[in-house]
Every structure is written in structure tokens, then in C-alpha cells.
Amino acid sequence: MKKLLCRIPLVLVLLTSLVLVLAPGVLSAQEPIVLRQPANEPTGLDPAQGGFGFQEFFSLYEPLVDAYSSTEITPLAAESWTISEDGLTYTFTLREGLRWSDNEPVTAEHYRQSYLRQLNPATAAYSAQEFFPIRNGQAYNSGEITDPEEVGLSAPDERTLIIELERPTPFFLSYVGNSNYLPVRVDLIEKHGDQWMEAGNHVGNGPYMLTQWDHDQLMVFEKNPYYNGIWKDSRAVDRVEFVLMADAWNTAVPAFEAGEVDVAIAPAGEIPRLAADPEYSEMLTPVPIAGSVILIMDTKNAPTDDVRVRQALSLSIDRQVLSANVLRGAKAPAISLSPPQLSSHNPDAAFGYQYDVALAQELLAQAGYPGGEGFPEFEVTFWSVDEAQLTMQAIQAMWSESLGINVTLNPLEPSAMREWRISRNEQSFNLYYGLNWAGIQDASQFQNALFDPDNSLKRSRFDEQSYVDLIRAAIVEVDPVKRAEMYQDAEAIINEQVPIISLVYESQTWLIRPHVQNFVEIMTPVGLMFRYAHPSGLMVSR
């Protein structure tokens with residue numbers, strides 16, 4: 001067996017590490033260090049359900065490994081692990097003395113129960129497919145088998161967790177470090193029911209604990225007094241106050257300007273004004289993210305069951321105008337489905353990403369809708385946030401002018417949008433606006449996760465067999481060069497068939513107060529996450 005201790009090179013997620021150090025004479029040692037950050041009201045604190053709250057998860061819970069703080073996967077709750085020679089058995093050894101925030105010991109069985117909960121079909125986990133590499137994981141999730149003991153998860157003692165896989169999975173350790181593999185207390189979920197995530201009931205094993213949640217107003221994290229992990233002495237932030245907003249990504253700038261928060265995302269519409277301001281221009285920090293703003297179409301429901309309609313819709317979107325005029329240059333126009341950080345990115349085979357109105361009109365006519373005549377009622381559903389609203393209004397105008405079709409815009413509040421999206425498992429739809437961020441730097445995040453019919457994370461229902469066979473072969477291919485070629489071939493199919501359209505590649509521009517230094521401490525190419533305990537040494541003085 002091969003001993004692995006922090007020796008697995010893999011570039012993963014951009015980590016915003018938050019370790020605060022007082023400047024001498026600024027604050028007394030007795031005063032708590034508080035960071036005030038705008039945030040969307042989380043849809044919950046359940047790793048199985050996804051949604052807003054990603055950065056909160058990694059403060060409240062601790063996975064076995066750290067996949068986000070450096071270019072290597074490093075130990076967290078697991079002090080070490082081994083991988084069998086055939087790549088099928090992972091054995092993790094937990095650190096001694098780990099405790100939950102109610103002072104109960106953290107055990108390997110807690111992780112086992114949490115992973116089984118993600119696979120249990122009754123949980124309806126948002127990303128259950130990330131557990132399918134586990135032996136019998138997919139069969140258990142589909143109901144083909146009902147005995148959890150048949151799943152390749154075992155905890156022979158309090159500190160040992162054994163995971164057996166169906167087949168070698170080159171990126172499996174990255175999964176083990178992401179938000180879906182965080183542990184929860186299943187016993188307390190059963191005890192408290194829907195109230196298990198509320199302050200006073202919630203229990204986590206991370207460096208911080210939930211002490212207050214005034215819904216839609218304020219959420220407070222304070223140090224978990226029983227945390228005994230590797231970052232125990234790296235928690236220079238005493239208290240994190242999340243100022244909850246209906247749309248923190250687009251409406252936090254006034255609170256920042258009023259001194260009510262220390263950091264904020266600057267939406268596209270505000271960037272020109274802020275960049276022209278001598279004070280605020282010095283506080284702007286762009287942060288690229290391996291993700292895309294996407295439009296998802298139902299490929300089994302007319303009119304988007306016709307590839308010519310999908311192509312016409314994509315070819316008539318001027319992504320340069322979206323990027324430059326609507327989003328004020330904050331996000332680059334998409335030239336392939338996947339962002340350039342992923343090996344599947346294939347702009348050389350990007351038929352659907354041209355801007356060609358004449359061809360779009362020809363294709364729509366071939367589909368039976370010349371000049372938009374006879375085009376059926378068509379509804380676009382999206383989050384009721386400013387950026388989505390502006391983007392969809394612009395695209396609505398492009399389709400009307402170029403194709404002669406009229407679409408109805410259906411904005412929904414984030415919580416209602418989540419419920420609507422889940423209901424699409426069974427119900428047809430026309431098109432909806434979404435985001436897809438790569439949780440790990442692997443091409444499967446934009447291929448298998450989006451399009452494998454057994455997963456269909458975004459529910460496009462695209463199931464062309466040659467494509468499905470290709471991505472299923474690619475996900476288990478261990479040769480990185482061959483694997484990249486297979487995913488680029490798969491992306492060429494998607495770029496031509498366009499069941500999902502990428503509009504622009506994700507990025508965020510942050511306003512950061514001068515007393516918050518090195519806010520973006522470790523730049524890795526996948527995503528954005530916040531950690532308020534980490535030894536990398538971000539400094540704050542007030």
C-alpha cells in the first residue's frame with residue numbers, strides 16, 4: 001500500500017484565508033476581532049442540499065482532507081490515509097481528540113453515516129453523484145439495493161474509515177475534501193427534524209460554531225471551544241458576522257460605503273463608478289472563478305428538443321455585448337462550454353459559440369419558425385437578482401430583434417428558485433438561468449455532472465448515447481493526456497448540440513477595506529471560498 005501524506009499534487013479552489021492579526025496599539029488584546037461580511041440568506045446549513053452558504057459550511061464542518069488551501073491535498077480531520085495498489089480502497093485515519101461543538105467525540109462512524117445519508121434516496125441530495133464512485137453507491141441511491149451495509153463504507157473502529165470504490169477514480173480525494181463530503185450529526189437531525197440547523201440545535205466539527213441566526217438579518221459564528229483540529233491556534237477571527245441580504249452579490253455596496261461591512265462584492269453596474277473613485281478604486285480586487293453563467297434547456301420538450309432551435313438561440317446571443325456592456329467587462333464572454341481552467345475547454349470546436357444572426361435565422365426557419373412565426377410560448381426562469389435580471393433582459397431583446405421570438409421572463413426568489421429547479425426532475429420546462437462552478441479542477445465538473453443521465457445535475461435531459469459513453473469512459477481514464485483528449489471531444493459535441501449554453505465565465509470583483517490585508521491569500525484556479533481559520537496569515541488592523 002502507498003502511504004500518502006500531503007503528497008498528491010492537485011490545483012483546486014481559490015481559498016480566501018482569513019487569519020486576523022492585530023496591529024500594535026490599534027485594539028486592546030481583550031477586544032474581539034470581528035469581521036462583518038454581507039451574505040445571502042443561506043438556504044440551509046445542510047451539505048446535502050447545496051445552495052447559498054458554501055463558505056459557511058467550511059467554518060462549521062471539517063472534511064477529512066483539505067482540497068482547497070494549496071496545490072496539494074493535505075490532511076485535516078484525517079491525519080493520514082493510504083490507497084491500495086489497485087486504487088480501489090482508501091483507508092483514512094482520523095486525528096485523536098477531535099470533538100463536535102457539543103463536546104462529543106468525532107468518530108469515523110459519523111463520516112460513514114454522513115456519506116450514506118448523501119446517498120440515501122430519501123435525502124434527495126443535490127450532488128449525490130459525487131458519491132457514485134463508492135462501491136454500490138449509485139445502486140443504493142437508485143433503490144436497486146436497499147441495505148446500506150452493501151455500500152463500500154465501513155468504520156471498523158472510531159478512528160478508521162474505509163472507502164471502497166467501484167473503479168479507480170483519479171480525482172476521488174478532491175471529492176473527499178469538498179463540501180458534499182462534510183460530516184453532519186445524523187442523530188441530531190433525527191432528533192430535531194427541520195430545526196437541526198437552527199442556532200442552539202446545530203452542532204458541527206469545524207473551527208467555528210453557529211451562535212445566532214436571525215433569519216434574513218444576521219448570522220453569527222464564534223470560535224468552537226471544543227475544536228481540536230490543526231487550525232485550533234489559527235483562529236485569529238473571534239467572531240464573523242454575516243449581514244444577511246436578499247441579494248448580497250449585487251446590493252452590498254451601499255452597506256460597504258456606509259461602513260456597515262468590511263468587504264463586499266462589487267456588481268458589474270457599480271464597477272465603473274467605483275473604479276473612477278480615488279478611494280474605492282484602491283479597494284477593488286478581481287477574483288477569477290472556474291465557472292460559467294449558463295442557460296439550461298429541456299432537450300425533451302418542444303421547441304428545444306430540436307437541436308436547430310437550440311443552436312439558433314445560442315448563435316443569436318452576442319456574448320461580447322453581454323460582457324462589455326451589460327456586465328461592464330467584469331466577466332469574459334464564453335467561447336466554449338467549460339471555462340479555460342478545465343482540460344475540457346475546447347474553443348477550437350465551438351460552433352454554438354459563434355455570433356451569427358443570419359445562420360441563427362436560417363436554422364430557426366428550418367425548424368419551422370421562419371422569422372419567429374409560430375414559435376410557442378417560451379418562459380425563462382431565473383433568480384430575482386440584479387445581474388440575472390439584466391442579463392436575461394438583454395438576451396430577451398436579442399432574441400426578439402434577431403429571431404422575432406418573444407420570451408416571458410419568470411424571476412423567482414432564491415429559495416423559490418431552488419424548489420422550482422428540484423421540481424424539474426419530473427416536470428418539463430423551456431429554459432432557465434443558472435451557474436456552474438467547478439468544485440474541483442476536473443473536467444467531469446462540466447461534463448459528467450451536467451450531462452450524465454444518471455446524474456443530470458442541471459436537468460437538461462440530454463442523453464445522446466455516443467456522448468454519454470464518451471464521458472463515462474473519460475471519468476475513469478487514468479492517463480491524463482488521453483483523459484483530456486476525451487473530454488475535449490465530449491465538449492465538441494456539447495458545443496455543437498448546445499443543450500446548455502455558457503454565456504460568460506465567472507469572476508467576482510471585491511471591495512476590501514485597507515485594514516483587511518491579503519484577503520485573497522491563496523490564488524488557485526477553481527473557485528472562491530472563505531476560511532476564517534487558516535495558518536496563512538491574513539492581517540487585519542483597525
# chains A, B, ... in the order shown; residues from 1 in each chain; ligands from 1

call {"tool": "select_by_dssp", "arguments": {"residues": "stretch 31-228 of chain A", "states": "alpha helix (DSSP H)", "output": "MDAnalysis selection string"}}
result
chainID A and resid 54:60 108:119 137:142 172:176 186:192

call {"tool": "residues_around", "arguments": {"residues": "A:Val478", "least_positions_apart": "5", "cutoff": "10 Å", "atoms": "only C-alpha atoms", "output": "MDAnalysis selection string"}}
result
chainID A and resid 168:171 483

call {"tool": "write_last_selection", "arguments": {"atoms": "C-alpha atoms", "output": "PDB file, in the first residue's frame"}}
result
ATOM      1  CA  PRO A 168     -10.215   3.697  -9.949  1.00  0.00           C
ATOM      2  CA  THR A 169     -11.209   7.355  -9.716  1.00  0.00           C
ATOM      3  CA  PRO A 170      -8.189   9.669 -10.194  1.00  0.00           C
ATOM      4  CA  PHE A 171      -9.790  12.695  -8.536  1.00  0.00           C
ATOM      5  CA  ARG A 483      -8.390  11.812 -20.494  1.00  0.00           C
TER       6      ARG A 483
END

call {"tool": "select_by_dssp", "arguments": {"residues": "stretch 295-471 of chain A", "states": "strand (DSSP E)", "output": "list in words"}}
result
Leu295, Ile296, Met297, Glu379, Val380, Thr381, Phe382, Trp383, Thr408, Leu409, Asn410, Pro411, Leu412, Leu431, Tyr432, Tyr433, Gly434, Leu435, Asn436 and Trp437 of chain A

call {"tool": "residues_around", "arguments": {"residues": "A:Gln366", "least_positions_apart": "6", "cutoff": "12 Å", "atoms": "only C-alpha atoms", "output": "number ranges by chain"}}
result
A: 306-309, 311-312, 359-360, 372-373

call {"tool": "residues_around", "arguments": {"residues": "A:Gly50", "least_positions_apart": "3", "cutoff": "12 Å", "atoms": "only C-alpha atoms", "output": "list in words"}}
result
Pro42, Thr43, Gly44, Leu45, Asp46, Pro47, Gly53, Phe54, Gln55, Glu56, Phe57, Gln118, Ala124, Ala125, Tyr126, Ser127, Ala128, Asn178, Ser179, Asn180, Tyr181, Leu182, Ser415, Arg418, Glu419, Ile422, Gly439 and Leu457 of chain A

call {"tool": "residues_around", "arguments": {"residues": "A:Pro333", "least_positions_apart": "5", "cutoff": "12 Å", "atoms": "only C-alpha atoms", "output": "JSON, numbers by chain"}}
result
{"A": [291, 292, 293, 294, 317, 318, 319, 320, 321, 322, 323, 324, 325, 326, 327, 328, 338, 339, 340, 347, 353, 354, 355, 501, 502, 503, 504, 505, 506, 507]}

call {"tool": "residues_around", "arguments": {"residues": "stretch 402-410 of chain A", "least_positions_apart": "3", "cutoff": "9 Å", "atoms": "only C-alpha atoms", "output": "count of residues only"}}
result
30
